[in-house]
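> Have a peek at target29.cif (mmCIF, C-alpha atoms).
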data_data
loop_
_atom_site.group_PDB
_atom_site.id
_atom_site.type_symbol
_atom_site.label_atom_id
_atom_site.label_comp_id
_atom_site.auth_asym_id
_atom_site.auth_seq_id
_atom_site.Cartn_x
_atom_site.Cartn_y
_atom_site.Cartn_z
ATOM 1 C CA MET A 249 0.000 0.000 0.000
ATOM 2 C CA SER A 250 1.389 3.421 -0.924
ATOM 3 C CA ILE A 251 1.718 6.062 1.761
ATOM 4 C CA GLN A 252 2.723 9.700 1.994
ATOM 5 C CA VAL A 253 3.993 11.616 5.012
ATOM 6 C CA LYS A 254 3.352 15.363 4.901
ATOM 7 C CA ASP A 255 4.568 18.282 6.961
ATOM 8 C CA ALA A 256 2.358 20.898 8.651
ATOM 9 C CA ASN A 257 2.010 22.792 5.364
ATOM 10 C CA GLY A 258 0.861 19.765 3.413
ATOM 11 C CA ASN A 259 4.154 19.239 1.579
ATOM 12 C CA ILE A 260 5.214 15.636 0.993
ATOM 13 C CA LYS A 261 8.242 14.801 3.133
ATOM 14 C CA TYR A 262 8.499 11.036 2.553
ATOM 15 C CA PHE A 263 6.822 8.547 0.323
ATOM 16 C CA GLY A 264 6.950 4.801 -0.128
ATOM 17 C CA THR A 265 5.086 1.592 0.622
ATOM 18 C CA THR A 266 3.965 -0.304 3.687
ATOM 19 C CA GLN A 267 2.708 -3.774 4.396
ATOM 20 C CA GLU A 268 -0.999 -4.157 3.702
ATOM 21 C CA GLY A 269 -3.010 -3.209 6.767
ATOM 22 C CA ASP A 270 0.010 -1.851 8.666
ATOM 23 C CA ASN A 271 0.047 1.936 8.782
ATOM 24 C CA THR A 272 2.495 2.164 11.677
ATOM 25 C CA ASN A 273 5.650 0.686 10.100
ATOM 26 C CA PRO A 274 6.122 2.236 6.656
ATOM 27 C CA PHE A 275 9.022 1.268 4.459
ATOM 28 C CA LEU A 276 9.992 4.723 3.277
ATOM 29 C CA SER A 277 11.885 5.517 0.110
ATOM 30 C CA ILE A 278 14.329 8.406 0.032
ATOM 31 C CA PRO A 279 13.115 11.719 -1.386
ATOM 32 C CA ALA A 280 15.447 14.330 -2.802
ATOM 33 C CA ASP A 281 15.563 16.257 0.476
ATOM 34 C CA PHE A 282 16.172 13.211 2.669
ATOM 35 C CA TYR A 283 19.533 14.344 4.061
ATOM 36 C CA LEU A 284 18.180 17.796 4.820
ATOM 37 C CA GLU A 285 15.393 16.186 6.832
ATOM 38 C CA VAL A 286 17.953 14.031 8.642
ATOM 39 C CA ARG A 287 19.993 17.133 9.493
ATOM 40 C CA LYS A 288 16.847 18.836 10.784
ATOM 41 C CA GLY A 289 16.161 15.850 13.067
ATOM 42 C CA ASN A 290 12.974 14.812 11.288
ATOM 43 C CA VAL A 291 14.015 11.227 10.473
ATOM 44 C CA PRO A 292 13.955 8.985 13.572
ATOM 45 C CA LYS A 293 17.120 6.975 14.307
ATOM 46 C CA HIS A 294 19.099 8.763 11.572
ATOM 47 C CA SER A 295 21.832 11.388 11.968
ATOM 48 C CA LEU A 296 24.734 12.839 9.997
ATOM 49 C CA VAL A 297 28.309 12.827 11.241
ATOM 50 C CA GLN A 298 30.828 15.171 9.640
ATOM 51 C CA LYS A 299 34.481 14.444 10.276
ATOM 52 C CA PHE A 300 37.498 16.402 9.122
ATOM 53 C CA GLY A 301 41.144 16.165 9.972
ATOM 54 C CA ALA A 302 44.479 17.670 9.066
ATOM 55 C CA ILE A 303 48.115 16.910 9.682
ATOM 56 C CA GLN A 304 51.257 18.902 9.008
ATOM 57 C CA GLY A 305 54.723 17.568 8.334
ATOM 58 C CA ILE A 306 53.668 14.059 7.377
ATOM 59 C CA THR A 307 56.543 11.795 6.299
ATOM 60 C CA THR A 308 56.736 8.416 4.586
ATOM 61 C CA THR A 309 55.600 6.803 7.863
ATOM 62 C CA LEU A 310 51.917 5.810 7.878
ATOM 63 C CA THR A 311 50.128 8.266 10.180
ATOM 64 C CA PRO A 312 46.476 8.864 11.159
ATOM 65 C CA ALA A 313 45.080 12.047 9.595
ATOM 66 C CA THR A 314 44.761 13.933 12.888
ATOM 67 C CA THR A 315 46.555 16.985 14.278
ATOM 68 C CA SER A 316 48.130 14.789 16.952
ATOM 69 C CA GLY A 317 49.194 12.225 14.357
ATOM 70 C CA LYS A 318 47.529 9.607 16.555
ATOM 71 C CA TYR A 319 44.274 7.708 17.011
ATOM 72 C CA PRO A 320 44.809 5.272 19.887
ATOM 73 C CA THR A 321 42.634 2.133 19.774
ATOM 74 C CA PRO A 322 43.038 0.297 23.093
ATOM 75 C CA THR A 323 41.053 -2.854 23.808
ATOM 76 C CA ALA A 324 40.020 -1.657 27.290
ATOM 77 C CA PRO A 325 39.002 1.788 28.594
ATOM 78 C CA VAL A 326 41.904 4.077 29.542
ATOM 79 C CA SER A 327 42.126 6.798 32.193
ATOM 80 C CA LEU A 328 42.737 10.205 30.561
ATOM 81 C CA GLU A 329 43.459 13.809 31.491
ATOM 82 C CA ILE A 330 43.249 17.154 29.714
ATOM 83 C CA VAL A 331 45.731 20.012 29.946
ATOM 84 C CA SER A 332 46.641 23.270 28.184
ATOM 85 C CA ASP A 333 49.983 24.902 27.484
ATOM 86 C CA SER A 334 48.446 28.259 28.531
ATOM 87 C CA THR A 335 47.382 29.510 31.949
ATOM 88 C CA ASP A 336 44.583 31.457 30.185
ATOM 89 C CA ASP A 337 42.644 28.219 29.665
ATOM 90 C CA THR A 338 41.063 27.995 33.092
ATOM 91 C CA ALA A 339 37.680 28.342 34.795
ATOM 92 C CA ALA A 340 37.978 32.145 35.155
ATOM 93 C CA GLY A 341 40.499 32.748 32.356
ATOM 94 C CA THR A 342 40.350 34.602 29.046
ATOM 95 C CA GLY A 343 40.854 31.427 27.031
ATOM 96 C CA ALA A 344 39.048 28.082 26.968
ATOM 97 C CA ARG A 345 37.128 27.617 30.203
ATOM 98 C CA SER A 346 35.584 24.225 29.407
ATOM 99 C CA VAL A 347 36.180 21.622 26.718
ATOM 100 C CA VAL A 348 33.966 18.783 25.487
ATOM 101 C CA ILE A 349 35.440 15.478 24.382
ATOM 102 C CA GLU A 350 33.439 12.905 22.440
ATOM 103 C CA GLY A 351 34.261 9.279 21.841
ATOM 104 C CA THR A 352 33.467 5.741 22.878
ATOM 105 C CA SER A 353 33.440 4.107 26.319
ATOM 106 C CA ASN A 354 31.762 1.389 28.348
ATOM 107 C CA THR A 355 30.068 3.856 30.722
ATOM 108 C CA ASN A 356 26.600 3.777 29.158
ATOM 109 C CA GLY A 357 26.837 0.227 27.840
ATOM 110 C CA VAL A 358 29.747 -1.429 26.091
ATOM 111 C CA TRP A 359 31.219 0.492 23.150
ATOM 112 C CA THR A 360 28.638 3.280 23.299
ATOM 113 C CA GLU A 361 29.039 6.995 22.669
ATOM 114 C CA GLU A 362 30.474 9.093 25.488
ATOM 115 C CA VAL A 363 30.320 12.910 25.736
ATOM 116 C CA GLN A 364 32.124 14.616 28.633
ATOM 117 C CA GLU A 365 32.545 18.291 29.496
ATOM 118 C CA ILE A 366 35.624 19.191 31.556
ATOM 119 C CA THR A 367 36.457 22.502 33.245
ATOM 120 C CA MET A 368 40.005 23.525 32.377
ATOM 121 C CA ASN A 369 42.724 24.373 34.899
ATOM 122 C CA GLY A 370 45.376 25.898 32.667
ATOM 123 C CA THR A 371 48.694 24.083 32.697
ATOM 124 C CA THR A 372 47.540 21.795 35.499
ATOM 125 C CA ALA A 373 46.089 18.554 34.158
ATOM 126 C CA VAL A 374 42.432 17.750 34.941
ATOM 127 C CA ALA A 375 41.188 14.158 35.067
ATOM 128 C CA VAL A 376 38.615 13.120 32.481
ATOM 129 C CA PRO A 377 35.822 11.639 34.664
ATOM 130 C CA ASN A 378 35.079 8.475 32.667
ATOM 131 C CA ASP A 379 37.679 6.199 31.098
ATOM 132 C CA MET A 380 37.630 6.085 27.306
ATOM 133 C CA LEU A 381 38.150 3.586 24.504
ATOM 134 C CA ARG A 382 38.294 6.236 21.757
ATOM 135 C CA VAL A 383 38.349 10.034 21.452
ATOM 136 C CA TYR A 384 37.187 11.220 18.035
ATOM 137 C CA ARG A 385 36.246 14.855 18.710
ATOM 138 C CA MET A 386 37.053 17.677 21.136
ATOM 139 C CA TYR A 387 36.011 21.320 21.140
ATOM 140 C CA VAL A 388 35.884 24.421 23.310
ATOM 141 C CA LYS A 389 32.483 24.670 25.015
ATOM 142 C CA THR A 390 32.931 27.972 26.878
ATOM 143 C CA SER A 391 35.516 30.740 26.649
ATOM 144 C CA GLY A 392 36.458 33.814 28.632
ATOM 145 C CA SER A 393 36.662 35.919 25.467
ATOM 146 C CA TYR A 394 34.006 37.075 22.994
ATOM 147 C CA ALA A 395 36.124 35.873 20.118
ATOM 148 C CA THR A 396 37.285 37.801 17.042
ATOM 149 C CA PRO A 397 39.999 36.951 14.483
ATOM 150 C CA ILE A 398 42.535 38.756 16.694
ATOM 151 C CA THR A 399 41.062 37.723 20.064
ATOM 152 C CA PRO A 400 40.491 33.975 19.805
ATOM 153 C CA SER A 401 38.505 31.717 22.106
ATOM 154 C CA HIS A 402 41.852 30.167 23.026
ATOM 155 C CA ASN A 403 45.410 30.772 21.872
ATOM 156 C CA SER A 404 46.977 27.517 22.930
ATOM 157 C CA THR A 405 47.335 23.795 22.403
ATOM 158 C CA ILE A 406 44.937 21.731 24.504
ATOM 159 C CA THR A 407 45.861 18.076 24.871
ATOM 160 C CA VAL A 408 44.023 14.920 25.883
ATOM 161 C CA ARG A 409 46.527 12.340 27.060
ATOM 162 C CA GLU A 410 46.770 9.281 29.271
ATOM 163 C CA SER A 411 46.760 10.025 32.998
ATOM 164 C CA GLY A 412 50.026 11.015 34.624
ATOM 165 C CA GLY A 413 51.400 12.805 31.565
ATOM 166 C CA GLY A 414 51.234 9.695 29.392
ATOM 167 C CA THR A 415 50.685 9.092 25.686
ATOM 168 C CA ILE A 416 48.979 11.911 23.790
ATOM 169 C CA TRP A 417 45.618 10.966 22.288
ATOM 170 C CA GLN A 418 44.338 14.148 20.633
ATOM 171 C CA THR A 419 45.145 17.855 20.438
ATOM 172 C CA LEU A 420 43.120 20.993 19.870
ATOM 173 C CA ILE A 421 45.436 23.564 18.343
ATOM 174 C CA SER A 422 45.846 27.137 17.153
ATOM 175 C CA ASN A 423 46.366 28.192 13.552
ATOM 176 C CA SER A 424 49.065 30.793 13.999
ATOM 177 C CA SER A 425 47.550 32.954 16.767
ATOM 178 C CA PHE A 426 43.939 31.905 16.166
ATOM 179 C CA GLY A 427 42.613 29.081 18.310
ATOM 180 C CA LEU A 428 40.483 26.745 16.218
ATOM 181 C CA ALA A 429 38.289 25.682 19.195
ATOM 182 C CA GLN A 430 37.690 22.409 17.317
ATOM 183 C CA SER A 431 39.824 19.319 16.815
ATOM 184 C CA GLU A 432 40.749 17.956 13.387
ATOM 185 C CA ILE A 433 40.395 14.170 13.469
ATOM 186 C CA ALA A 434 39.672 12.328 10.213
ATOM 187 C CA VAL A 435 38.784 9.129 12.068
ATOM 188 C CA TYR A 436 35.537 8.045 13.706
ATOM 189 C CA THR A 437 34.348 5.079 15.748
ATOM 190 C CA ILE A 438 30.787 3.961 15.031
ATOM 191 C CA PRO A 439 29.167 3.002 18.361
ATOM 192 C CA LYS A 440 27.645 -0.381 19.039
ATOM 193 C CA GLY A 441 24.037 -0.581 17.872
ATOM 194 C CA TYR A 442 24.588 1.683 14.857
ATOM 195 C CA THR A 443 25.405 1.256 11.185
ATOM 196 C CA GLY A 444 27.322 3.902 9.258
ATOM 197 C CA TYR A 445 27.203 4.734 5.561
ATOM 198 C CA ILE A 446 30.036 6.844 4.145
ATOM 199 C CA LEU A 447 28.399 9.435 1.898
ATOM 200 C CA SER A 448 31.361 11.452 0.644
ATOM 201 C CA LYS A 449 35.026 12.249 1.080
ATOM 202 C CA ASN A 450 37.360 15.084 0.103
ATOM 203 C CA VAL A 451 41.157 15.063 0.238
ATOM 204 C CA THR A 452 43.444 18.082 -0.157
ATOM 205 C CA ILE A 453 47.231 17.749 -0.365
ATOM 206 C CA GLU A 454 49.862 20.461 -0.221
ATOM 207 C CA SER A 455 50.677 21.942 -3.624
ATOM 208 C CA THR A 456 53.380 20.119 -5.640
ATOM 209 C CA LYS A 457 53.413 17.240 -3.133
ATOM 210 C CA THR A 458 51.976 13.709 -3.365
ATOM 211 C CA ALA A 459 50.752 11.211 -0.779
ATOM 212 C CA ASN A 460 49.193 7.785 -0.391
ATOM 213 C CA ILE A 461 45.765 7.915 1.274
ATOM 214 C CA PHE A 462 44.322 4.807 2.955
ATOM 215 C CA LEU A 463 40.648 4.548 3.925
ATOM 216 C CA PHE A 464 40.512 1.825 6.565
ATOM 217 C CA VAL A 465 37.778 0.036 8.501
ATOM 218 C CA ARG A 466 37.977 -2.196 11.582
ATOM 219 C CA GLU A 467 34.593 -3.814 12.228
ATOM 220 C CA ASP A 468 33.939 -5.905 15.358
ATOM 221 C CA ALA A 469 36.119 -3.471 17.315
ATOM 222 C CA ASP A 470 34.727 -4.927 20.546
ATOM 223 C CA VAL A 471 36.333 -8.316 19.835
ATOM 224 C CA VAL A 472 39.375 -7.840 22.063
ATOM 225 C CA THR A 473 40.819 -11.356 22.170
ATOM 226 C CA ALA A 474 42.405 -13.214 19.257
ATOM 227 C CA PRO A 475 41.421 -13.788 16.563
ATOM 228 C CA PHE A 476 40.842 -10.064 15.977
ATOM 229 C CA SER A 477 39.133 -8.355 13.080
ATOM 230 C CA PRO A 478 41.678 -6.715 10.779
ATOM 231 C CA MET A 479 42.224 -3.063 10.006
ATOM 232 C CA ARG A 480 41.139 -3.503 6.417
ATOM 233 C CA VAL A 481 41.926 -1.013 3.675
ATOM 234 C CA LYS A 482 38.729 -0.307 1.766
ATOM 235 C CA GLU A 483 40.202 2.256 -0.610
ATOM 236 C CA LEU A 484 43.775 3.198 -1.449
ATOM 237 C CA GLU A 485 44.781 6.178 -3.559
ATOM 238 C CA ARG A 486 48.480 6.161 -4.463
ATOM 239 C CA ASN A 487 50.551 9.204 -5.433
ATOM 240 C CA LEU A 488 47.575 11.467 -4.958
ATOM 241 C CA ALA A 489 48.216 15.130 -5.723
ATOM 242 C CA ALA A 490 46.258 18.331 -5.122
ATOM 243 C CA PHE A 491 42.523 17.751 -4.502
ATOM 244 C CA THR A 492 40.161 14.829 -4.972
ATOM 245 C CA SER A 493 36.477 14.472 -4.159
ATOM 246 C CA ARG A 494 34.027 11.574 -4.181
ATOM 247 C CA GLN A 495 30.308 12.142 -3.688
ATOM 248 C CA PRO A 496 28.673 9.108 -5.304
ATOM 249 C CA THR A 497 24.969 8.522 -5.748
ATOM 250 C CA ALA A 498 25.110 5.529 -3.401
ATOM 251 C CA PRO A 499 27.172 5.444 -0.171
ATOM 252 C CA LEU A 500 30.806 4.423 -0.512
ATOM 253 C CA LEU A 501 30.624 1.893 2.332
ATOM 254 C CA LYS A 502 28.263 0.276 4.814
ATOM 255 C CA ILE A 503 29.922 -0.264 8.202
ATOM 256 C CA ILE A 504 28.353 -2.056 11.178
ATOM 257 C CA GLY A 505 29.380 -0.778 14.606
ATOM 258 C CA PRO A 506 31.255 -0.923 16.767
ATOM 259 C CA ALA A 507 33.833 -0.092 14.148
ATOM 260 C CA ASP A 508 36.768 2.237 13.569
ATOM 261 C CA VAL A 509 36.735 4.043 10.230
ATOM 262 C CA GLY A 510 38.977 6.764 8.926
ATOM 263 C CA PHE A 511 42.122 7.734 7.108
ATOM 264 C CA ILE A 512 45.834 7.126 7.468
ATOM 265 C CA ALA A 513 48.338 8.646 5.091
ATOM 266 C CA GLN A 514 51.994 8.877 4.129
ATOM 267 C CA SER A 515 54.035 11.177 1.944
ATOM 268 C CA THR A 516 55.500 9.481 -1.107
ATOM 269 C CA SER A 517 58.818 11.310 -0.810
ATOM 270 C CA THR A 518 59.129 14.768 0.760
ATOM 271 C CA THR A 519 57.387 15.964 3.918
ATOM 272 C CA THR A 520 53.898 17.289 3.191
ATOM 273 C CA SER A 521 50.663 18.479 4.773
ATOM 274 C CA LEU A 522 47.130 17.353 3.998
ATOM 275 C CA SER A 523 43.518 17.551 5.109
ATOM 276 C CA ILE A 524 40.642 15.079 4.742
ATOM 277 C CA GLU A 525 36.888 15.470 5.229
ATOM 278 C CA PHE A 526 34.203 12.789 5.117
ATOM 279 C CA GLU A 527 30.538 12.429 6.054
ATOM 280 C CA ILE A 528 28.666 9.452 7.500
ATOM 281 C CA LEU A 529 24.955 8.700 7.654
ATOM 282 C CA LEU A 530 24.519 7.055 11.056
ATOM 283 C CA VAL A 531 21.507 4.757 11.495
ATOM 284 C CA GLU A 532 20.455 3.302 14.837
ATOM 285 C CA ASP A 533 19.805 -0.421 14.486
#
Let me see the structure of the file written as structure tokens.

Amino acid sequence: MSIQVKDANGNIKYFGTTQEGDNTNPFLSIPADFYLEVRKGNVPKHSLVQKFGAIQGITTTLTPATTSGKYPTPTAPVSLEIVSDSTDDTAAGTGARSVVIEGTSNTNGVWTEEVQEITMNGTTAVAVPNDMLRVYRMYVKTSGSYATPITPSHNSTITVRESGGGTIWQTLISNSSFGLAQSEIAVYTIPKGYTGYILSKNVTIESTKTANIFLFVREDADVVTAPFSPMRVKELERNLAAFTSRQPTAPLLKIIGPADVGFIAQSTSTTTSLSIEFEILLVED
């Protein structure tokens, strides 16, 4: 049986078919404005995830496309802390007063999304309350300055690292004197209970330079005893130069969570810099 779903103005939002006699569980087809409706929050259990990352000074060593050059993937949650290299980033300071980190943990169920807001204490490290399996985004939540191009929300490097001054996980940096207030991490971990569909990707490489770009996926990330699921390369572009973009009609990949997905890269000869952006349609199972 054909059905139509209309908005308050009578415009058709979705259309499709449903089982005969069942008006509560429609099988909806995708209209032209489907992704706009997802972004507006009008499609239950669907959301869009935009990820972008950048790295400077990449060599011939394979490196995650993140400003820290890292994307740790431990098999058990790790205790973390956050710290700045500026005393301005504190609860009453002129810089970043609080920072949000997003990732994956076992706090709300195994391998589920975790969002934590932490009040900064300048150059003194502050413990992240809940242990983490992944950190795929961090950003300034509140600042002591009403920012402008010459008065940034923070003018510092803010670092998430393992407790006790351990291994760096992610950094939130400044571009020259302008604090970005947003991390650049071209990797994502799809939580358990979700399926991701890669919709598009864009890669930009420093002029006159070339690099190899690996799109990798590790499904079954919660399998933490051997045999493990591999980090499998799903797309490899060799000697890539300048800019490339893929925005196909159908998604590039379907990935069942929990799963790591993202980009690692290497320069083919001389040191280079690059940035990568991709978008995922996330569907709750």
> Which residue out of A:Thr396, A:Gln514, A:Ser346, A:Thr520 has the minimum interatomic distance to Lys457 of chain A when all atoms listed in the file are used?
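Among the listed residues, A:Thr520 lies closest to Lys457 of chain A.
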> Using the chain letters and residue numbers of this document, give as a list in words the residues selected by the PyMOL selection byres ((chain A and resi 351) around 9).
Ile349, Glu350, Thr352, Ser353, Thr360, Glu361, Glu362, Val363, Gln364, Met380, Leu381, Arg382, Val383, Tyr384, Arg385, Met386, Tyr436, Thr437 and Pro439 of chain A
> If I take atom CA of Lys299 of chain A and atom CA of Lys449 of chain A, how far is one from the other in Å, to one decimal?
9.5 Å
> Taking all atoms listed in the file into account, which of A:Phe464, A:Tyr387, A:Phe476, A:Tyr445 comes nearest Leu529 of chain A?
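When distances to Leu529 of chain A are compared using all atoms listed in the file, the smallest one comes from A:Tyr445.
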> Can you measure atom CA of Val348 of chain A to atom CA of Phe462 of chain A for me? One decimal in Å is fine.
28.5 Å
> From the options A:Gly357, A:Gly370, A:Gly444, A:Pro312, which residue's atoms come nearest to Ser334 of chain A, counting all atoms listed in the file?
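Checking each candidate against Ser334 of chain A, we get A:Gly370 as the closest.
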> Run the PyMOL selection byres ((chain A and resi 325) around 10) on the file and write out the hits as a PDB file with C-alpha atoms, keeping the file's coordinate frame.

ATOM      1  CA  THR A 321      42.634   2.133  19.774  1.00  0.00           C
ATOM      2  CA  PRO A 322      43.038   0.297  23.093  1.00  0.00           C
ATOM      3  CA  THR A 323      41.053  -2.854  23.808  1.00  0.00           C
ATOM      4  CA  ALA A 324      40.020  -1.657  27.290  1.00  0.00           C
ATOM      5  CA  VAL A 326      41.904   4.077  29.542  1.00  0.00           C
ATOM      6  CA  SER A 327      42.126   6.798  32.193  1.00  0.00           C
ATOM      7  CA  LEU A 328      42.737  10.205  30.561  1.00  0.00           C
ATOM      8  CA  THR A 352      33.467   5.741  22.878  1.00  0.00           C
ATOM      9  CA  SER A 353      33.440   4.107  26.319  1.00  0.00           C
ATOM     10  CA  ASN A 354      31.762   1.389  28.348  1.00  0.00           C
ATOM     11  CA  THR A 355      30.068   3.856  30.722  1.00  0.00           C
ATOM     12  CA  TRP A 359      31.219   0.492  23.150  1.00  0.00           C
ATOM     13  CA  ASN A 378      35.079   8.475  32.667  1.00  0.00           C
ATOM     14  CA  ASP A 379      37.679   6.199  31.098  1.00  0.00           C
ATOM     15  CA  MET A 380      37.630   6.085  27.306  1.00  0.00           C
ATOM     16  CA  LEU A 381      38.150   3.586  24.504  1.00  0.00           C
ATOM     17  CA  ARG A 382      38.294   6.236  21.757  1.00  0.00           C
TER      18      ARG A 382
END
> Have a look at A:Glu410, A:Glu454, A:Asp533, A:Glu467 and name the one nearest to Pro320 of chain A; count all atoms listed in the file.
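Between A:Glu410, A:Glu454, A:Asp533, A:Glu467, the residue approaching Pro320 of chain A most closely is A:Glu410.
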> Write out as a ChimeraX atom specification the residues lying within 10 Å of Ser517 of chain A, counting all atoms listed in the file and excluding same-chain residues fewer than 2 positions away.
/A:307-308,457-459,487,514-515,519-520
> Using only the atoms of segment 328-336 of chain A listed in the file, plus 3 Å on each side, state the axis-aligned box centre and edge lengths in Å rounded to one decimal, as AutoDock Vina command-line options.

--center_x 46.4 --center_y 20.8 --center_z 29.7 --size_x 13.2 --size_y 27.3 --size_z 10.5
> Which one of A:Gln298, A:Ile366, A:Thr407, A:Val376 sits closest to Ser332 of chain A if you count only C-alpha atoms?
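Of A:Gln298, A:Ile366, A:Thr407, A:Val376, the one nearest Ser332 of chain A is A:Thr407, counting only C-alpha atoms.
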> Kindly resolve the PyMOL selection byres ((chain A and resi 525) around 12) on the present coordinates and return the residues as a ChimeraX atom specification.
/A:297-302,313-314,432-436,446-453,463,491-495,510-511,522-524,526-528
> Smallest atom-to-atom distance to Ser393 of chain A: which of A:Leu530, A:Ile406, A:Ala344, A:Ile306, using all atoms listed in the file?
A:Ala344
